[in-house]
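Student: Structure: start_27.pdb, PDB, C-alpha atoms.
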```pdb
ATOM      1  CA  MET A  92       0.000   0.000   0.000
ATOM      2  CA  GLY A  93       2.849   2.378   0.903
ATOM      3  CA  GLY A  94       3.881   3.125  -2.677
ATOM      4  CA  MET A  95       0.382   3.814  -3.984
ATOM      5  CA  SER A  96       0.150   7.561  -3.595
ATOM      6  CA  VAL A  97       3.529   8.211  -5.189
ATOM      7  CA  ARG A  98       2.661   6.583  -8.484
ATOM      8  CA  ASN A  99       0.069   9.199  -9.410
ATOM      9  CA  GLN A 100       2.324  12.157  -8.787
ATOM     10  CA  SER A 101       3.762  14.143 -11.655
ATOM     11  CA  SER A 102       7.423  15.053 -11.267
ATOM     12  CA  GLU A 103       6.760  18.705 -10.400
ATOM     13  CA  GLN A 104       4.227  18.011  -7.705
ATOM     14  CA  PRO A 105       5.422  18.460  -4.143
ATOM     15  CA  ALA A 106       5.188  15.219  -2.180
ATOM     16  CA  GLY A 107       2.206  14.925   0.093
ATOM     17  CA  THR A 108      -0.170  17.216  -1.810
ATOM     18  CA  LEU A 109      -3.302  15.752  -3.330
ATOM     19  CA  HIS A 110      -3.754  15.745  -7.067
ATOM     20  CA  ARG A 111      -7.203  16.734  -8.283
ATOM     21  CA  ALA A 112      -8.806  16.319 -11.666
ATOM     22  CA  GLY A 113     -12.276  16.990 -12.921
ATOM     23  CA  PHE A 114     -14.635  18.814 -15.225
ATOM     24  CA  ALA A 115     -15.894  22.381 -15.305
ATOM     25  CA  CYS A 116     -18.161  24.059 -17.770
ATOM     26  CA  PHE A 117     -18.834  27.696 -18.464
ATOM     27  CA  VAL A 118     -22.374  28.789 -19.187
ATOM     28  CA  GLY A 119     -23.839  32.141 -20.011
ATOM     29  CA  ARG A 120     -25.842  33.825 -22.680
ATOM     30  CA  PRO A 121     -24.260  34.274 -26.112
ATOM     31  CA  ASN A 122     -21.261  36.577 -26.174
ATOM     32  CA  ALA A 123     -20.743  36.426 -22.405
ATOM     33  CA  GLY A 124     -17.081  35.563 -22.939
ATOM     34  CA  LYS A 125     -17.188  31.776 -22.446
ATOM     35  CA  SER A 126     -14.908  30.724 -25.300
ATOM     36  CA  THR A 127     -12.446  33.569 -24.722
ATOM     37  CA  LEU A 128     -12.154  32.508 -21.102
ATOM     38  CA  THR A 129     -11.605  28.860 -22.072
ATOM     39  CA  ASN A 130      -8.810  29.936 -24.406
ATOM     40  CA  ALA A 131      -7.201  32.184 -21.783
ATOM     41  CA  LEU A 132      -7.190  29.380 -19.207
ATOM     42  CA  VAL A 133      -5.835  26.764 -21.581
ATOM     43  CA  GLY A 134      -3.402  29.225 -23.147
ATOM     44  CA  LYS A 135      -4.071  28.148 -26.734
ATOM     45  CA  LYS A 136      -6.923  28.758 -29.101
ATOM     46  CA  VAL A 137      -9.182  25.719 -28.721
ATOM     47  CA  ALA A 138     -12.792  26.797 -28.553
ATOM     48  CA  ILE A 139     -13.848  29.009 -31.413
ATOM     49  CA  THR A 140     -14.557  32.570 -30.378
ATOM     50  CA  SER A 141     -17.149  34.399 -32.340
ATOM     51  CA  ASN A 142     -19.566  37.142 -31.492
ATOM     52  CA  ARG A 143     -22.406  35.176 -32.946
ATOM     53  CA  PRO A 144     -24.623  33.076 -30.665
ATOM     54  CA  GLN A 145     -24.535  29.302 -31.075
ATOM     55  CA  THR A 146     -21.273  29.025 -32.949
ATOM     56  CA  THR A 147     -19.732  26.646 -30.425
ATOM     57  CA  ARG A 148     -21.735  23.619 -31.446
ATOM     58  CA  HIS A 149     -19.559  20.819 -30.199
ATOM     59  CA  THR A 150     -18.472  20.081 -26.685
ATOM     60  CA  VAL A 151     -14.917  21.319 -26.954
ATOM     61  CA  ARG A 152     -12.920  20.466 -23.886
ATOM     62  CA  GLY A 153      -9.939  22.635 -23.123
ATOM     63  CA  ILE A 154      -7.530  21.077 -20.652
ATOM     64  CA  VAL A 155      -5.644  23.111 -18.068
ATOM     65  CA  HIS A 156      -2.579  21.197 -16.853
ATOM     66  CA  ARG A 157      -1.151  22.190 -13.469
ATOM     67  CA  PRO A 158       1.321  20.375 -11.223
ATOM     68  CA  ASP A 159      -1.394  19.747  -8.619
ATOM     69  CA  ALA A 160      -4.447  19.411 -10.826
ATOM     70  CA  GLN A 161      -6.017  18.939 -14.192
ATOM     71  CA  LEU A 162      -9.032  21.050 -15.010
ATOM     72  CA  ILE A 163     -11.009  19.883 -18.034
ATOM     73  CA  LEU A 164     -13.266  22.523 -19.518
ATOM     74  CA  VAL A 165     -16.395  21.384 -21.263
ATOM     75  CA  ASP A 166     -17.695  24.117 -23.507
ATOM     76  CA  THR A 167     -21.430  23.557 -23.864
ATOM     77  CA  PRO A 168     -23.407  25.443 -26.490
ATOM     78  CA  GLY A 169     -25.421  28.378 -25.195
ATOM     79  CA  LEU A 170     -28.749  27.527 -23.631
ATOM     80  CA  HIS A 171     -31.545  29.315 -25.456
ATOM     81  CA  LYS A 172     -35.256  29.017 -26.132
ATOM     82  CA  PRO A 173     -35.338  26.403 -28.897
ATOM     83  CA  ARG A 174     -36.915  27.320 -32.235
ATOM     84  CA  THR A 175     -35.727  24.323 -34.217
ATOM     85  CA  LEU A 176     -34.974  20.666 -33.725
ATOM     86  CA  LEU A 177     -31.289  21.601 -33.564
ATOM     87  CA  GLY A 178     -32.086  24.067 -30.773
ATOM     88  CA  GLU A 179     -33.890  21.424 -28.707
ATOM     89  CA  ARG A 180     -31.086  18.961 -29.167
ATOM     90  CA  LEU A 181     -28.551  21.549 -28.014
ATOM     91  CA  ASN A 182     -30.556  22.304 -24.883
ATOM     92  CA  ASP A 183     -30.676  18.605 -23.962
ATOM     93  CA  VAL A 184     -26.916  18.406 -24.360
ATOM     94  CA  VAL A 185     -26.519  21.402 -22.062
ATOM     95  CA  ARG A 186     -28.630  19.984 -19.242
ATOM     96  CA  THR A 187     -26.966  16.572 -19.334
ATOM     97  CA  THR A 188     -23.553  18.225 -19.257
ATOM     98  CA  TRP A 189     -24.429  20.414 -16.272
ATOM     99  CA  ALA A 190     -25.506  17.428 -14.244
ATOM    100  CA  GLU A 191     -22.232  15.605 -14.952
ATOM    101  CA  VAL A 192     -19.571  18.260 -14.316
ATOM    102  CA  ASP A 193     -17.862  19.025 -10.988
ATOM    103  CA  VAL A 194     -18.316  22.779 -11.121
ATOM    104  CA  ILE A 195     -20.268  25.249 -13.277
ATOM    105  CA  GLY A 196     -18.953  28.727 -14.068
ATOM    106  CA  PHE A 197     -21.724  31.161 -14.992
ATOM    107  CA  CYS A 198     -20.242  33.944 -17.162
ATOM    108  CA  LEU A 199     -21.828  37.357 -16.824
ATOM    109  CA  PRO A 200     -20.318  40.342 -18.663
ATOM    110  CA  ALA A 201     -19.476  43.244 -16.345
ATOM    111  CA  ASN A 202     -20.560  45.785 -18.932
ATOM    112  CA  GLU A 203     -24.180  44.636 -19.334
ATOM    113  CA  LYS A 204     -26.909  44.752 -16.715
ATOM    114  CA  LEU A 205     -28.433  41.389 -15.754
ATOM    115  CA  GLY A 206     -31.223  40.610 -18.195
ATOM    116  CA  PRO A 207     -33.979  38.031 -18.785
ATOM    117  CA  GLY A 208     -31.473  35.757 -20.547
ATOM    118  CA  ASP A 209     -29.301  35.626 -17.419
ATOM    119  CA  ARG A 210     -32.331  34.935 -15.233
ATOM    120  CA  PHE A 211     -33.426  32.126 -17.549
ATOM    121  CA  ILE A 212     -30.044  30.416 -17.146
ATOM    122  CA  ALA A 213     -29.778  31.124 -13.402
ATOM    123  CA  LYS A 214     -33.223  29.537 -12.890
ATOM    124  CA  GLU A 215     -32.031  26.413 -14.708
ATOM    125  CA  LEU A 216     -28.884  26.405 -12.551
ATOM    126  CA  ALA A 217     -30.946  26.652  -9.376
ATOM    127  CA  GLY A 218     -32.514  23.337 -10.354
ATOM    128  CA  ILE A 219     -29.142  21.591 -10.415
ATOM    129  CA  LYS A 220     -28.630  21.138  -6.726
ATOM    130  CA  ARG A 221     -25.384  19.300  -6.114
ATOM    131  CA  THR A 222     -22.969  21.047  -8.471
ATOM    132  CA  PRO A 223     -21.146  24.119  -7.060
ATOM    133  CA  LYS A 224     -21.791  27.265  -9.106
ATOM    134  CA  VAL A 225     -19.223  30.028  -9.549
ATOM    135  CA  ALA A 226     -20.278  33.387 -10.971
ATOM    136  CA  VAL A 227     -17.547  34.619 -13.311
ATOM    137  CA  VAL A 228     -17.832  38.312 -14.102
ATOM    138  CA  THR A 229     -16.147  38.734 -17.493
ATOM    139  CA  LYS A 230     -14.949  41.751 -19.497
ATOM    140  CA  THR A 231     -14.016  43.703 -16.362
ATOM    141  CA  ASP A 232     -11.558  45.710 -18.483
ATOM    142  CA  LEU A 233     -14.570  47.501 -20.007
ATOM    143  CA  VAL A 234     -15.998  49.048 -16.800
ATOM    144  CA  ASP A 235     -14.997  51.279 -13.887
ATOM    145  CA  SER A 236     -14.855  49.958 -10.337
ATOM    146  CA  LYS A 237     -18.240  51.402  -9.331
ATOM    147  CA  THR A 238     -20.053  49.615 -12.179
ATOM    148  CA  LEU A 239     -18.203  46.412 -11.324
ATOM    149  CA  ALA A 240     -19.188  46.649  -7.639
ATOM    150  CA  GLU A 241     -22.845  47.150  -8.602
ATOM    151  CA  GLN A 242     -22.716  44.100 -10.882
ATOM    152  CA  LEU A 243     -21.182  41.923  -8.127
ATOM    153  CA  ILE A 244     -23.965  42.929  -5.722
ATOM    154  CA  ALA A 245     -26.663  42.272  -8.355
ATOM    155  CA  ILE A 246     -25.260  38.788  -9.019
ATOM    156  CA  ASP A 247     -25.138  37.975  -5.317
ATOM    157  CA  GLN A 248     -28.806  39.073  -5.059
ATOM    158  CA  LEU A 249     -29.804  36.949  -8.055
ATOM    159  CA  GLY A 250     -28.530  33.810  -6.300
ATOM    160  CA  LYS A 251     -30.389  34.732  -3.086
ATOM    161  CA  GLU A 252     -33.643  35.363  -4.983
ATOM    162  CA  LEU A 253     -33.462  31.942  -6.599
ATOM    163  CA  GLY A 254     -32.542  30.269  -3.332
ATOM    164  CA  PHE A 255     -28.932  29.249  -3.888
ATOM    165  CA  GLU A 256     -25.513  30.424  -2.787
ATOM    166  CA  TRP A 257     -22.699  31.096  -5.291
ATOM    167  CA  ALA A 258     -19.600  29.115  -4.339
ATOM    168  CA  GLU A 259     -17.568  32.150  -5.483
ATOM    169  CA  ILE A 260     -18.085  35.383  -7.402
ATOM    170  CA  VAL A 261     -14.942  36.176  -9.405
ATOM    171  CA  PRO A 262     -14.256  39.180 -11.645
ATOM    172  CA  VAL A 263     -11.947  38.395 -14.602
ATOM    173  CA  SER A 264     -10.743  39.915 -17.825
ATOM    174  CA  ALA A 265      -9.549  37.173 -20.156
ATOM    175  CA  VAL A 266      -8.439  39.771 -22.676
ATOM    176  CA  GLY A 267      -6.296  41.664 -20.195
ATOM    177  CA  ASP A 268      -5.323  38.349 -18.581
ATOM    178  CA  GLN A 269      -6.546  39.653 -15.226
ATOM    179  CA  GLN A 270      -7.409  37.084 -12.563
ATOM    180  CA  VAL A 271      -7.476  34.147 -14.991
ATOM    181  CA  GLU A 272      -4.971  32.231 -12.848
ATOM    182  CA  LEU A 273      -6.955  33.149  -9.759
ATOM    183  CA  LEU A 274     -10.068  31.659 -11.339
ATOM    184  CA  ALA A 275      -8.201  28.390 -11.934
ATOM    185  CA  ASP A 276      -6.997  28.482  -8.291
ATOM    186  CA  LEU A 277     -10.607  28.776  -7.117
ATOM    187  CA  LEU A 278     -11.985  26.065  -9.394
ATOM    188  CA  VAL A 279      -9.340  23.428  -8.579
ATOM    189  CA  PRO A 280     -10.385  22.774  -4.924
ATOM    190  CA  MET A 281     -13.899  21.992  -6.175
ATOM    191  CA  LEU A 282     -12.582  19.046  -8.205
ATOM    192  CA  PRO A 283     -12.413  15.514  -6.815
ATOM    193  CA  GLU A 284      -9.101  13.905  -5.846
ATOM    194  CA  SER A 285      -7.918  11.993  -8.880
ATOM    195  CA  PRO A 286      -4.828  11.323 -10.939
ATOM    196  CA  ALA A 287      -4.600  13.206 -14.255
ATOM    197  CA  LEU A 288      -7.259  12.015 -16.707
ATOM    198  CA  TYR A 289      -5.453  13.125 -19.876
ATOM    199  CA  PRO A 290      -1.802  12.933 -20.974
ATOM    200  CA  GLU A 291       0.288  16.050 -20.331
ATOM    201  CA  GLY A 292       0.425  17.334 -23.928
ATOM    202  CA  ASP A 293      -3.316  17.206 -24.624
ATOM    203  CA  LEU A 294      -5.126  20.514 -24.846
ATOM    204  CA  THR A 295      -8.450  19.167 -26.028
ATOM    205  CA  ASP A 296      -9.932  15.739 -26.653
ATOM    206  CA  GLU A 297     -11.916  16.875 -29.689
ATOM    207  CA  PRO A 298     -10.850  14.888 -32.718
ATOM    208  CA  GLU A 299      -8.673  17.117 -34.890
ATOM    209  CA  GLN A 300     -11.142  16.938 -37.750
ATOM    210  CA  VAL A 301     -13.869  18.569 -35.665
ATOM    211  CA  MET A 302     -11.540  21.375 -34.591
ATOM    212  CA  VAL A 303     -10.438  21.941 -38.189
ATOM    213  CA  ALA A 304     -14.100  22.105 -39.245
ATOM    214  CA  GLU A 305     -14.763  24.674 -36.500
ATOM    215  CA  LEU A 306     -11.889  26.884 -37.705
ATOM    216  CA  ILE A 307     -13.175  26.756 -41.291
ATOM    217  CA  ARG A 308     -16.689  27.530 -40.089
ATOM    218  CA  GLU A 309     -15.453  30.489 -38.057
ATOM    219  CA  ALA A 310     -13.605  31.886 -41.083
ATOM    220  CA  ALA A 311     -16.637  31.307 -43.333
ATOM    221  CA  LEU A 312     -18.915  33.229 -40.946
ATOM    222  CA  GLU A 313     -16.524  36.188 -40.812
ATOM    223  CA  GLY A 314     -18.138  39.058 -42.716
ATOM    224  CA  VAL A 315     -21.383  37.283 -43.678
ATOM    225  CA  ARG A 316     -22.839  36.929 -40.203
ATOM    226  CA  ASP A 317     -25.857  39.087 -40.957
ATOM    227  CA  GLU A 318     -26.815  37.225 -44.110
ATOM    228  CA  LEU A 319     -26.085  33.675 -42.898
ATOM    229  CA  PRO A 320     -26.225  33.695 -39.114
ATOM    230  CA  HIS A 321     -25.797  29.984 -38.515
ATOM    231  CA  SER A 322     -26.962  28.194 -41.605
ATOM    232  CA  ILE A 323     -23.396  27.036 -42.216
ATOM    233  CA  ALA A 324     -22.076  23.614 -41.309
ATOM    234  CA  VAL A 325     -18.627  22.330 -42.211
ATOM    235  CA  VAL A 326     -17.693  18.691 -42.658
ATOM    236  CA  VAL A 327     -14.072  17.659 -43.085
ATOM    237  CA  GLU A 328     -14.305  14.728 -45.482
ATOM    238  CA  GLU A 329     -10.677  13.651 -45.156
ATOM    239  CA  MET A 330      -7.281  14.629 -43.804
ATOM    240  CA  LEU A 331      -4.411  12.691 -45.398
ATOM    241  CA  PRO A 332      -0.656  13.237 -45.483
ATOM    242  CA  ARG A 333       0.465  13.845 -49.114
ATOM    243  CA  GLU A 334       2.184  10.672 -50.314
ATOM    244  CA  ASP A 335       5.369  11.570 -52.176
ATOM    245  CA  ARG A 336       6.754  14.166 -49.739
ATOM    246  CA  PRO A 337      10.172  14.015 -48.025
ATOM    247  CA  ALA A 338       9.898  13.627 -44.224
ATOM    248  CA  GLU A 339      11.239  17.128 -43.558
ATOM    249  CA  ARG A 340       8.651  18.739 -45.857
ATOM    250  CA  PRO A 341       5.315  17.099 -45.012
ATOM    251  CA  LEU A 342       2.019  18.364 -46.410
ATOM    252  CA  LEU A 343      -1.422  17.517 -45.116
ATOM    253  CA  ASP A 344      -4.272  17.439 -47.643
ATOM    254  CA  ILE A 345      -7.605  18.502 -46.146
ATOM    255  CA  HIS A 346     -10.822  18.196 -48.141
ATOM    256  CA  ALA A 347     -13.795  19.953 -46.583
ATOM    257  CA  ASN A 348     -17.334  20.872 -47.575
ATOM    258  CA  ILE A 349     -19.116  23.992 -46.427
ATOM    259  CA  TYR A 350     -22.848  23.219 -46.308
ATOM    260  CA  ILE A 351     -25.478  25.914 -46.651
ATOM    261  CA  GLU A 352     -29.259  25.554 -46.611
ATOM    262  CA  ARG A 353     -30.308  27.240 -49.861
ATOM    263  CA  PRO A 354     -28.820  27.660 -53.345
ATOM    264  CA  SER A 355     -29.240  31.454 -53.029
ATOM    265  CA  GLN A 356     -26.670  31.442 -50.204
ATOM    266  CA  LYS A 357     -23.966  29.965 -52.408
ATOM    267  CA  GLY A 358     -23.076  33.290 -54.003
ATOM    268  CA  ILE A 359     -22.763  34.950 -50.588
ATOM    269  CA  ILE A 360     -20.158  32.440 -49.394
ATOM    270  CA  ILE A 361     -18.242  32.269 -52.678
ATOM    271  CA  GLY A 362     -18.265  36.028 -53.277
ATOM    272  CA  PRO A 363     -17.581  37.943 -56.500
ATOM    273  CA  LYS A 364     -15.176  35.929 -58.686
ATOM    274  CA  GLY A 365     -14.696  33.453 -55.834
ATOM    275  CA  LYS A 366     -12.860  36.017 -53.715
ATOM    276  CA  ARG A 367     -14.641  35.365 -50.410
ATOM    277  CA  LEU A 368     -14.167  31.622 -50.562
ATOM    278  CA  LYS A 369     -10.500  32.177 -51.366
ATOM    279  CA  ASP A 370     -10.152  34.453 -48.303
ATOM    280  CA  VAL A 371     -11.887  31.849 -46.140
ATOM    281  CA  GLY A 372      -9.377  29.279 -47.391
ATOM    282  CA  ILE A 373      -6.343  31.474 -46.702
ATOM    283  CA  LYS A 374      -7.527  32.550 -43.264
ATOM    284  CA  SER A 375      -8.555  29.115 -42.023
ATOM    285  CA  ARG A 376      -5.495  27.431 -43.518
ATOM    286  CA  LYS A 377      -3.193  29.663 -41.429
ATOM    287  CA  GLN A 378      -5.104  28.791 -38.271
ATOM    288  CA  ILE A 379      -5.212  25.067 -39.082
ATOM    289  CA  GLU A 380      -1.454  25.068 -39.720
ATOM    290  CA  ALA A 381      -0.910  26.766 -36.361
ATOM    291  CA  LEU A 382      -3.197  24.238 -34.651
ATOM    292  CA  LEU A 383      -1.697  21.119 -36.233
ATOM    293  CA  GLY A 384       1.868  22.399 -36.581
ATOM    294  CA  THR A 385       2.184  21.235 -40.175
ATOM    295  CA  PRO A 386       1.781  22.772 -43.666
ATOM    296  CA  VAL A 387      -1.687  22.198 -45.097
ATOM    297  CA  PHE A 388      -3.265  22.080 -48.553
ATOM    298  CA  LEU A 389      -6.919  23.010 -48.048
ATOM    299  CA  ASP A 390      -9.521  22.075 -50.644
ATOM    300  CA  LEU A 391     -12.895  23.759 -49.940
ATOM    301  CA  HIS A 392     -16.221  23.169 -51.678
ATOM    302  CA  VAL A 393     -19.578  24.817 -51.047
ATOM    303  CA  LYS A 394     -22.592  22.491 -51.158
ATOM    304  CA  VAL A 395     -26.300  22.894 -50.550
ATOM    305  CA  ALA A 396     -27.933  20.655 -47.926
ATOM    306  CA  LYS A 397     -31.562  21.711 -47.970
ATOM    307  CA  ASP A 398     -32.847  22.937 -44.594
ATOM    308  CA  TRP A 399     -30.276  20.908 -42.677
ATOM    309  CA  GLN A 400     -31.169  22.538 -39.358
ATOM    310  CA  ARG A 401     -34.603  20.903 -39.401
ATOM    311  CA  ASP A 402     -33.788  17.527 -40.889
ATOM    312  CA  PRO A 403     -32.734  14.774 -38.447
ATOM    313  CA  LYS A 404     -30.994  12.734 -41.158
ATOM    314  CA  GLN A 405     -28.901  15.714 -42.313
ATOM    315  CA  LEU A 406     -28.170  16.673 -38.689
ATOM    316  CA  ARG A 407     -26.723  13.224 -38.068
ATOM    317  CA  LYS A 408     -24.633  13.378 -41.196
ATOM    318  CA  LEU A 409     -23.277  16.783 -40.210
ATOM    319  CA  GLY A 410     -22.276  15.450 -36.816
ATOM    320  CA  PHE A 411     -25.001  16.752 -34.484
TER     321      PHE A 411
END
```
Show this structure as structure tokens.
Tutor:
Amino acid sequence: MGGMSVRNQSSEQPAGTLHRAGFACFVGRPNAGKSTLTNALVGKKVAITSNRPQTTRHTVRGIVHRPDAQLILVDTPGLHKPRTLLGERLNDVVRTTWAEVDVIGFCLPANEKLGPGDRFIAKELAGIKRTPKVAVVTKTDLVDSKTLAEQLIAIDQLGKELGFEWAEIVPVSAVGDQQVELLADLLVPMLPESPALYPEGDLTDEPEQVMVAELIREAALEGVRDELPHSIAVVVEEMLPREDRPAERPLLDIHANIYIERPSQKGIIIGPKGKRLKDVGIKSRKQIEALLGTPVFLDLHVKVAKDWQRDPKQLRKLGF
């Protein structure tokens, strides 16, 4: 028995301290700073950041490695009143996730007064009894200290009204890197004792293809958000190393399809003389190369998948 505890310890961890590992998820209405915060904590771009609601479709887990702990961030899609089948499915995913994580961080921007959307989520949270809830006040770099103090009091009140106690209320600015470490320090003690659940180098357990698809989708939404809010889905058909390349000059071929709902949207994505699609390719290729650490040849095609948001068969094919 004597040697048991030593085996789980990473080399940097002081002897005698407990190692913790577990799951946290950030919730909040669209644009509350959830993805930005995930990226700041993990230190690399993993969840896509976009100022459009519902762009984080997949449960992207960012992994924060520390000598004494491993914090795995589950990025659930925003909870919203469902209008489509896709919306309902997303909400189910959210509730199941909340019940399974060790701690929930509720992101509330410092620069916007609490609104009905926040109440809607807080009410849902009140129903999840056992999981500790931390209120994370984001975007603190955008307000003065008086506004921030008022927001902290309002959030404290909101918990009291709904009959629960926040485990912590923490102001952060992921952009200015303020308090991000402190937030990790506060979340770690809420995790169960456990050896690390993922190998040291992992930042996310999303298959690379899904992350590549997200980067392409983010680039494709850039600039056409008003015309095509979220009727874009991206499927990476294949990622293969180019055969005849010398080892020191590898090239990865990626073939991906951008799906839209209606033929009329094709022109919007492709742009005059194909310029927009070309820009999407250049922009996403740079990001994919940074993510995978290898040169990439990206082959993009735009296809129409009629009304995919409402069609269960299409939804399955597109990975939802």
Student: Scan for residues within 8 Å of the point (-9.0, 17.9, -43.9) in the coordinates of the file, using all atoms listed in the file, and reply as a ChimeraX atom specification.
Tutor: /A:300,303,327-331,343-347,389-390
Student: Show me, as a PyMOL selection string, the residues that have an atom within 9 Å of stretch 200-202 of chain A when counting only C-alpha atoms, minus same-chain residues fewer than 2 positions from it.
Tutor: chain A and resi 122-124+198+204-205+227-234+238-239+242-243+262
Student: Taking all atoms of stretch 391-396 of chain A that the file lists and extending 4 Å past them on each side, where is the centre of the axis-aligned box and how long are its edges? Answer in Å to one decimal, as lines of an AutoDock Vina configuration file.
Tutor:
```
center_x = -20.4
center_y = 22.7
center_z = -49.8
size_x = 23.0
size_y = 12.2
size_z = 11.8
```
Student: What would the selection look like, as an MDAnalysis selection string, if the PyMOL selection byres ((chain A and resi 193) around 7) were run on the coordinates I just shared?
Tutor: chainID A and resid 113:115 191:192 194 222 281:282
Student: Counting only C-alpha atoms, which of A:Lys397, A:Ser375, A:Glu352, A:Glu259 gets nearest to A:Leu273?
Tutor: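 Answer, going by the shortest atom-to-atom distance: A:Glu259.
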Student: Skip A:Val326 itself and residues of its chain fewer than 4 positions away, then list as a PyMOL selection string all residues within 8 Å of it, counting only C-alpha atoms.
Tutor: chain A and resi 301+304+347-350+409
Student: Could you please determine the separation between atom CA of A:Leu109 and atom CA of A:Glu284 in Å, to one decimal place?
Tutor: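 One can read the atom CA of A:Leu109 to atom CA of A:Glu284 distance as 6.6 Å.
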Student: Using all atoms listed in the file, find the one residue out of A:Arg111, A:Lys214, A:Arg221, A:Arg340 that sits nearest to A:Asp276.
Tutor: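 Ranking A:Arg111, A:Lys214, A:Arg221, A:Arg340 by distance to A:Asp276, first place goes to A:Arg111.
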Student: Report, in Å to a single decimal, how far apart atom CA of A:Val185 and atom CA of A:Leu216 are.
Tutor: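 Computing it gives 11.0 Å between the two atoms.
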Student: Mind giving me the straight-line distance from atom CA of A:Leu164 to atom CA of A:Asp183 in Å, one decimal?
Tutor: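 Between atom CA of A:Leu164 and atom CA of A:Asp183 the gap works out to 18.4 Å.
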Student: Which of these residues is nearest to A:Ala226, using all atoms listed in the file: A:Leu253, A:Ile373, A:Ile260, A:Ile195?
Tutor: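 Closest candidate: A:Ile260.
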Student: Return the single residue from A:Val271, A:Leu391, A:Ala381, A:Ile244 that is closest to A:Asn130, with distances computed using all atoms listed in the file.
Tutor: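 The shortest atom-to-atom distance to A:Asn130 comes from A:Val271.
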Student: Let me know the residues the PyMOL selection byres ((chain A and resi 380) around 12) catches in the file above, as a PDB file with C-alpha atoms, in the coordinates of the input.
Tutor:
```pdb
ATOM      1  CA  GLU A 299      -8.673  17.117 -34.890  1.00  0.00           C
ATOM      2  CA  MET A 302     -11.540  21.375 -34.591  1.00  0.00           C
ATOM      3  CA  VAL A 303     -10.438  21.941 -38.189  1.00  0.00           C
ATOM      4  CA  LEU A 306     -11.889  26.884 -37.705  1.00  0.00           C
ATOM      5  CA  ILE A 307     -13.175  26.756 -41.291  1.00  0.00           C
ATOM      6  CA  PRO A 341       5.315  17.099 -45.012  1.00  0.00           C
ATOM      7  CA  LEU A 342       2.019  18.364 -46.410  1.00  0.00           C
ATOM      8  CA  LEU A 343      -1.422  17.517 -45.116  1.00  0.00           C
ATOM      9  CA  ASP A 344      -4.272  17.439 -47.643  1.00  0.00           C
ATOM     10  CA  ILE A 345      -7.605  18.502 -46.146  1.00  0.00           C
ATOM     11  CA  GLY A 372      -9.377  29.279 -47.391  1.00  0.00           C
ATOM     12  CA  ILE A 373      -6.343  31.474 -46.702  1.00  0.00           C
ATOM     13  CA  LYS A 374      -7.527  32.550 -43.264  1.00  0.00           C
ATOM     14  CA  SER A 375      -8.555  29.115 -42.023  1.00  0.00           C
ATOM     15  CA  ARG A 376      -5.495  27.431 -43.518  1.00  0.00           C
ATOM     16  CA  LYS A 377      -3.193  29.663 -41.429  1.00  0.00           C
ATOM     17  CA  GLN A 378      -5.104  28.791 -38.271  1.00  0.00           C
ATOM     18  CA  ILE A 379      -5.212  25.067 -39.082  1.00  0.00           C
ATOM     19  CA  ALA A 381      -0.910  26.766 -36.361  1.00  0.00           C
ATOM     20  CA  LEU A 382      -3.197  24.238 -34.651  1.00  0.00           C
ATOM     21  CA  LEU A 383      -1.697  21.119 -36.233  1.00  0.00           C
ATOM     22  CA  GLY A 384       1.868  22.399 -36.581  1.00  0.00           C
ATOM     23  CA  THR A 385       2.184  21.235 -40.175  1.00  0.00           C
ATOM     24  CA  PRO A 386       1.781  22.772 -43.666  1.00  0.00           C
ATOM     25  CA  VAL A 387      -1.687  22.198 -45.097  1.00  0.00           C
ATOM     26  CA  PHE A 388      -3.265  22.080 -48.553  1.00  0.00           C
ATOM     27  CA  LEU A 389      -6.919  23.010 -48.048  1.00  0.00           C
TER      28      LEU A 389
END
```
Student: Of the candidates A:Ala213, A:Ala310, A:Val395, A:Ala112, which shows the shortest atom-to-atom distance to A:Val279, using all atoms listed in the file?
Tutor: A:Ala112
Student: Quick one: everything within 9 Å of A:Gly196, counting all atoms listed in the file, minus sequence neighbours fewer than 6 positions away in the same chain. Send it as an NGL selection string.
Tutor: :A and (115-119 or 223-227 or 278)
Student: I need the residues from that last selection saved to file as a PDB file, in the coordinates of the input (with C-alpha atoms), if you can.
Tutor:
```pdb
ATOM      1  CA  ALA A 115     -15.894  22.381 -15.305  1.00  0.00           C
ATOM      2  CA  CYS A 116     -18.161  24.059 -17.770  1.00  0.00           C
ATOM      3  CA  PHE A 117     -18.834  27.696 -18.464  1.00  0.00           C
ATOM      4  CA  VAL A 118     -22.374  28.789 -19.187  1.00  0.00           C
ATOM      5  CA  GLY A 119     -23.839  32.141 -20.011  1.00  0.00           C
ATOM      6  CA  PRO A 223     -21.146  24.119  -7.060  1.00  0.00           C
ATOM      7  CA  LYS A 224     -21.791  27.265  -9.106  1.00  0.00           C
ATOM      8  CA  VAL A 225     -19.223  30.028  -9.549  1.00  0.00           C
ATOM      9  CA  ALA A 226     -20.278  33.387 -10.971  1.00  0.00           C
ATOM     10  CA  VAL A 227     -17.547  34.619 -13.311  1.00  0.00           C
ATOM     11  CA  LEU A 278     -11.985  26.065  -9.394  1.00  0.00           C
TER      12      LEU A 278
END
```
Student: Smallest atom-to-atom distance to A:Thr175: which of A:Gln161, A:Ile246, A:Glu334, A:Arg401, using only C-alpha atoms?
Tutor: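 Closest to A:Thr175 of all the choices is A:Arg401.
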Student: For the PyMOL selection byres ((chain A and resi 155) around 12), applied here, can you spell out every residue it catches as a ChimeraX atom specification?
Tutor: /A:111-115,128-135,137,152-154,156-165,271-272,274-276,278-279,287-295
